[in-house]
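Read the structure below first, then the notes.
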Amino acid sequence: MAKRVVLAYSGGLDTSVAVRWMIEEWGVEVVCVLVNVGQDVDSSESFEDIRNRALVAGAIDCVLVDARDEMAEEFCGRAIFANARYEGKYPLVSALSRPVIVRHLVDQARKFNAQAVAHGCTGKGNDQVRFEVGTHALAPDLEVLAPARNWGMTRADSVDYAEKWHIPIGATKEKIYSIDENLWGRAIECGAMEDPWAAPPEEPYTLTRVTNKEPVELTISFAGGLPTALDGEAMSLADLIKALNARAGGTGFGRLDMVENRRVGIKSREVYECPAALAIIAAHADLEDLTLERDVHHEKARLETRWAELVYDGMWFSPLKEALDAFMADTQRHVTGDVRLRFEAPGLMRIVGRRSPKALYDYGLATYDAADTFRHADSEGYVKIYGLGVKTWAARQGAKNSKPLVP
Ligand code: ARG
């Protein structure tokens, strides 16, 4: 009996060609799974068209899974807890969607009694790592196939291949950009962006074109670390992210242009647009400034870096990442309140206010006016003892020997 493979299918050129190629070269049966993680499935094309393309290419079935709420609540949610930004910048857009897709691939592989899953990634990126490590974490018995890593076809070859098999593809031989998108934002690579000195062209952006030149002020409300309402209107996290992408993105906010370190040792120039992700993380981190105890806050900042690296590196389903999740979740119990953000075109955002019923900010302690409740006299002995070690050092060895930077 032919081996059965469940393929992560996007409906695009590479994964459509992968269906036929695996059948021809490896003699397998292919089931396609299209996971909706909030990518803007081209509105001119229905799922029926995409499914039809998979079937023409030779798939025995094509399943659509709506994972938008799962993507928002579980994957973006945990990333919000961790203020997750790889290398201090990138909010893990693609890195968050891969484990969602993996989970559904494995699920469908079980339903269809498949022996393998497959993806359309090349050998140069992070996504292959995320698909493969993720699959092995959930299903050590399943094989993972990567046809695009084996076929050695250029894009033009793939277009010819699709034509030969009458697979209906809108793609042309010159494709300028490689774009990956989901609820959390869009990743844009290739074309002019491959020169890190060249300013990115305006053309591939869709979420961050300035459509509103007026300043926009928004309030995001959080409960237990998760956003629950926008300007007082309660909504699901998926809806809130969508609404915020439109409103913040319309002022041009949310672009990133960076050189990043891929897991596979390549430095690459990447351009992202992720207005909601960046606004939510900034607001969430600000609310933590108000509500987290100092030691918890400082330790959390160290672990956030590690969390983002693990997820970037394809370790969503791993014991360390899960242990860190437990820590992050524990810190979020009192991260409840509202944050006010002000957006000004093109692309500026400032946080202008925050409040919380759980705030550790104490007006009586902070104020310098008559309402002051702080006992100033207590500080005298405290500061003396705090600085005692340095004072002793200065007297015996220290300060008089320090050298100015510029002699
Ligand atoms: N460099 C980003 C990451 O590794 C984006 C990858 C985008 N993927 C793509 N197929 N264009 O998370």
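Residues in the structure tokens are numbered from 1 in each chain, the chains being A, B, ... in the order shown, and ligands are numbered from 1 in the order shown.
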
Residues of range 257-309 of chain A that approach range 93-97 of chain A to 12 Å or less, counting only C-alpha atoms: could you list each one with the shortest pair of atoms and its distance in Å to one decimal, rows by chain and increasing residue number, as CSV?
residue,atom,partner,partner_atom,distance
A:Arg262,CA,A:Ala95,CA,11.4
A:Arg263,CA,A:Ala95,CA,11.4
A:Glu270,CA,A:Val93,CA,11.9
A:Val271,CA,A:Val93,CA,11.5
A:Tyr272,CA,A:Val93,CA,8.6
A:Glu273,CA,A:Val93,CA,9.4
A:Cys274,CA,A:Val93,CA,8.0
A:Pro275,CA,A:Val93,CA,11.4
A:Ala276,CA,A:Val93,CA,11.2
A:Ala277,CA,A:Val93,CA,8.6
A:Leu278,CA,A:Val93,CA,10.8
A:Trp307,CA,A:Ala95,CA,11.9
A:Ala308,CA,A:Ala95,CA,9.4
A:Glu309,CA,A:Ala95,CA,10.1

(message) Which residues are near Gly12 in chain A? Cut-off 10 Å, only C-alpha atoms, ignore same chain within fewer than 6 positions. Put them as a list in words.
(response) Ile50, Arg53, Ala54, Gly120, Ile169, Gly170 and Ala171 of chain A

How about saving the chosen residues, N, CA, C and O atoms kept, as a JSON list (two decimals), in the first residue's frame?
[["chain", "number", "residue", "atom", "x", "y", "z"],
["A", 50, "ILE", "N", -9.25, 26.79, -3.96],
["A", 50, "ILE", "CA", -7.97, 26.28, -3.45],
["A", 50, "ILE", "C", -8.02, 24.75, -3.34],
["A", 50, "ILE", "O", -7.11, 24.04, -3.75],
["A", 53, "ARG", "N", -7.69, 23.17, -6.64],
["A", 53, "ARG", "CA", -6.30, 23.14, -7.11],
["A", 53, "ARG", "C", -5.56, 21.94, -6.51],
["A", 53, "ARG", "O", -4.82, 21.24, -7.20],
["A", 54, "ALA", "N", -5.80, 21.70, -5.21],
["A", 54, "ALA", "CA", -5.14, 20.57, -4.55],
["A", 54, "ALA", "C", -5.58, 19.25, -5.21],
["A", 54, "ALA", "O", -4.77, 18.36, -5.45],
["A", 120, "GLY", "N", 6.36, 22.60, 2.69],
["A", 120, "GLY", "CA", 6.93, 23.12, 1.44],
["A", 120, "GLY", "C", 8.13, 24.02, 1.66],
["A", 120, "GLY", "O", 8.48, 24.80, 0.76],
["A", 169, "ILE", "N", -2.52, 27.75, -11.61],
["A", 169, "ILE", "CA", -1.72, 28.60, -10.73],
["A", 169, "ILE", "C", -1.72, 30.01, -11.31],
["A", 169, "ILE", "O", -1.46, 30.19, -12.49],
["A", 170, "GLY", "N", -2.00, 31.01, -10.47],
["A", 170, "GLY", "CA", -1.93, 32.40, -10.94],
["A", 170, "GLY", "C", -0.50, 32.90, -11.01],
["A", 170, "GLY", "O", -0.23, 33.97, -11.54],
["A", 171, "ALA", "N", 0.45, 32.12, -10.47],
["A", 171, "ALA", "CA", 1.82, 32.61, -10.29],
["A", 171, "ALA", "C", 2.55, 32.82, -11.60],
["A", 171, "ALA", "O", 2.32, 32.12, -12.58]]

(request) Find, counting only C-alpha atoms, the residue in A:Asp313, A:Glu344, A:Glu45, A:Asp66 that gets nearest to Pro99 in chain A. (result) A:Asp313

(message) Could you check the closest approach to Asn261 in chain A for each of A:Asn245, A:Ala67, A:Phe343, A:Gly125 and tell me which residue wins, using only C-alpha atoms?
(response) A:Gly125

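The gap separating CA of Arg269 in chain A from CA of Ile351 in chain A is 28.6 Å, in Å to one decimal.
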
(request) From the DSSP assignment of the backbone, select every residue of range 332-384 of chain A that is strand (DSSP E or B), and format the answer as an MDAnalysis selection string. (result) chainID A and resid 337:344 348:355

Output file for the residues above (N, CA and C atoms, as a short mmCIF file (atom, residue, chain, number, x, y, z; two decimals), in the first residue's frame):
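selection20.cif, written as the output of this step:
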data_model
loop_
_atom_site.label_atom_id
_atom_site.label_comp_id
_atom_site.auth_asym_id
_atom_site.auth_seq_id
_atom_site.Cartn_x
_atom_site.Cartn_y
_atom_site.Cartn_z
N GLY A 337 -6.01 45.85 33.80
CA GLY A 337 -6.14 47.31 33.78
C GLY A 337 -6.20 47.82 32.35
N ASP A 338 -6.05 49.13 32.21
CA ASP A 338 -6.20 49.78 30.90
C ASP A 338 -4.93 50.55 30.54
N VAL A 339 -4.63 50.55 29.24
CA VAL A 339 -3.48 51.31 28.76
C VAL A 339 -3.94 52.18 27.59
N ARG A 340 -3.53 53.44 27.64
CA ARG A 340 -3.92 54.39 26.59
C ARG A 340 -2.76 54.59 25.62
N LEU A 341 -3.02 54.40 24.32
CA LEU A 341 -1.97 54.53 23.31
C LEU A 341 -2.36 55.64 22.33
N ARG A 342 -1.36 56.42 21.95
CA ARG A 342 -1.63 57.48 20.98
C ARG A 342 -0.76 57.26 19.74
N PHE A 343 -1.43 57.18 18.60
CA PHE A 343 -0.75 56.92 17.32
C PHE A 343 -0.76 58.19 16.48
N GLU A 344 0.40 58.50 15.90
CA GLU A 344 0.46 59.66 15.00
C GLU A 344 1.16 59.28 13.72
N LEU A 348 4.22 56.67 14.34
CA LEU A 348 4.66 56.93 15.71
C LEU A 348 3.63 56.42 16.70
N MET A 349 4.09 55.87 17.81
CA MET A 349 3.15 55.46 18.86
C MET A 349 3.77 55.79 20.22
N ARG A 350 2.96 56.35 21.10
CA ARG A 350 3.40 56.61 22.47
C ARG A 350 2.33 56.09 23.41
N ILE A 351 2.77 55.59 24.55
CA ILE A 351 1.81 55.23 25.58
C ILE A 351 1.64 56.46 26.46
N VAL A 352 0.39 56.90 26.64
CA VAL A 352 0.19 58.16 27.34
C VAL A 352 -0.53 57.99 28.68
N GLY A 353 -0.94 56.76 29.02
CA GLY A 353 -1.57 56.57 30.32
C GLY A 353 -1.80 55.10 30.62
N ARG A 354 -1.87 54.79 31.90
CA ARG A 354 -2.17 53.42 32.32
C ARG A 354 -2.82 53.48 33.68
N ARG A 355 -3.70 52.49 33.96
CA ARG A 355 -4.31 52.41 35.30
C ARG A 355 -4.69 50.96 35.57
#

Neighbour list for Gln332 in chain A as a JSON list (two decimals) with N, CA, C and O atoms, in the first residue's frame, cut-off 10 Å, only C-alpha atoms, skip fewer than 4 positions in-chain:
[["chain", "number", "residue", "atom", "x", "y", "z"],
["A", 81, "PHE", "N", 1.93, 37.24, 27.10],
["A", 81, "PHE", "CA", 2.44, 37.03, 28.47],
["A", 81, "PHE", "C", 3.95, 37.28, 28.52],
["A", 81, "PHE", "O", 4.47, 37.87, 29.45],
["A", 82, "ALA", "N", 4.66, 36.77, 27.50],
["A", 82, "ALA", "CA", 6.12, 36.81, 27.50],
["A", 82, "ALA", "C", 6.67, 38.05, 26.80],
["A", 82, "ALA", "O", 7.89, 38.15, 26.60],
["A", 223, "ALA", "N", -7.12, 41.74, 31.16],
["A", 223, "ALA", "CA", -7.50, 41.02, 32.38],
["A", 223, "ALA", "C", -6.59, 39.81, 32.48],
["A", 223, "ALA", "O", -6.49, 39.02, 31.52],
["A", 224, "GLY", "N", -5.89, 39.69, 33.59],
["A", 224, "GLY", "CA", -4.98, 38.56, 33.77],
["A", 224, "GLY", "C", -3.96, 38.44, 32.65],
["A", 224, "GLY", "O", -3.61, 37.34, 32.22],
["A", 225, "GLY", "N", -3.49, 39.58, 32.14],
["A", 225, "GLY", "CA", -2.42, 39.59, 31.13],
["A", 225, "GLY", "C", -2.90, 39.50, 29.69],
["A", 225, "GLY", "O", -2.10, 39.65, 28.77],
["A", 226, "LEU", "N", -4.20, 39.28, 29.48],
["A", 226, "LEU", "CA", -4.69, 39.17, 28.09],
["A", 226, "LEU", "C", -5.58, 40.34, 27.74],
["A", 226, "LEU", "O", -6.41, 40.77, 28.56],
["A", 288, "GLU", "N", 2.55, 45.90, 32.99],
["A", 288, "GLU", "CA", 3.39, 45.13, 33.92],
["A", 288, "GLU", "C", 4.27, 46.05, 34.76],
["A", 288, "GLU", "O", 4.51, 45.78, 35.94],
["A", 291, "THR", "N", 2.14, 46.85, 37.62],
["A", 291, "THR", "CA", 1.51, 45.82, 38.46],
["A", 291, "THR", "C", 2.45, 44.71, 38.94],
["A", 291, "THR", "O", 2.06, 43.93, 39.82],
["A", 292, "LEU", "N", 3.64, 44.57, 38.36],
["A", 292, "LEU", "CA", 4.52, 43.47, 38.79],
["A", 292, "LEU", "C", 5.47, 43.93, 39.90],
["A", 292, "LEU", "O", 6.05, 45.01, 39.82],
["A", 327, "PHE", "N", 5.77, 29.72, 34.46],
["A", 327, "PHE", "CA", 6.27, 30.90, 35.18],
["A", 327, "PHE", "C", 5.54, 32.15, 34.68],
["A", 327, "PHE", "O", 5.03, 32.95, 35.47],
["A", 328, "MET", "N", 5.51, 32.30, 33.35],
["A", 328, "MET", "CA", 4.88, 33.50, 32.77],
["A", 328, "MET", "C", 3.42, 33.60, 33.23],
["A", 328, "MET", "O", 2.97, 34.67, 33.65],
["A", 336, "THR", "N", -3.92, 43.42, 35.18],
["A", 336, "THR", "CA", -5.29, 43.77, 34.83],
["A", 336, "THR", "C", -5.40, 45.29, 34.85],
["A", 336, "THR", "O", -4.90, 45.92, 35.79]]

(message) Which residues are near Val264 in chain A? Cut-off 9 Å, only C-alpha atoms, ignore same chain within fewer than 5 positions. Put them as a list in words.
(response)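 Once the nearby chain positions are removed, what remains is Gly123, Lys124, Gly125, Asn126 and Val129 of chain A.
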
(message) From the options A:Val17, A:Val37, A:Ile80, A:Ala394, which residue's atoms come nearest to Met153 in chain A, counting only C-alpha atoms?
(response) A:Val17

(message) So the first atom is CA of Asp127 in chain A and the second is CA of Glu260 in chain A; what is the distance between them in Å, to one decimal place?
(response)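 Rounded to one decimal, the two atoms are 14.4 Å apart.
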
(message) as number ranges by chain, please: the residues near range 1-8 of chain A (cut-off 10 Å, only C-alpha atoms, same-chain neighbours under 3 positions excluded).
(response) A: 11, 15-16, 18-19, 22-23, 26-35, 59-62, 98, 101-102, 104-110, 112-121, 131, 142-146

(request) Provide the CA of His136 in chain A to CA of Pro319 in chain A distance in Å, to one decimal place. (result)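 Interatomic distance, CA of His136 in chain A to CA of Pro319 in chain A: 13.4 Å.
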
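When only C-alpha atoms and all ligand atoms are used to compute distances to ligand 1, the closest of the residues A:Tyr90, A:Trp393, A:Tyr361, A:Phe374 turns out to be A:Tyr90.
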
(request) Name the closest residue to Gly314 in chain A among the candidates A:His376, A:Arg20, A:Lys400, A:Arg130; distances are taken between atoms, counting only C-alpha atoms. (result)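 Ranking A:His376, A:Arg20, A:Lys400, A:Arg130 by distance to Gly314 in chain A, first place goes to A:Arg130.
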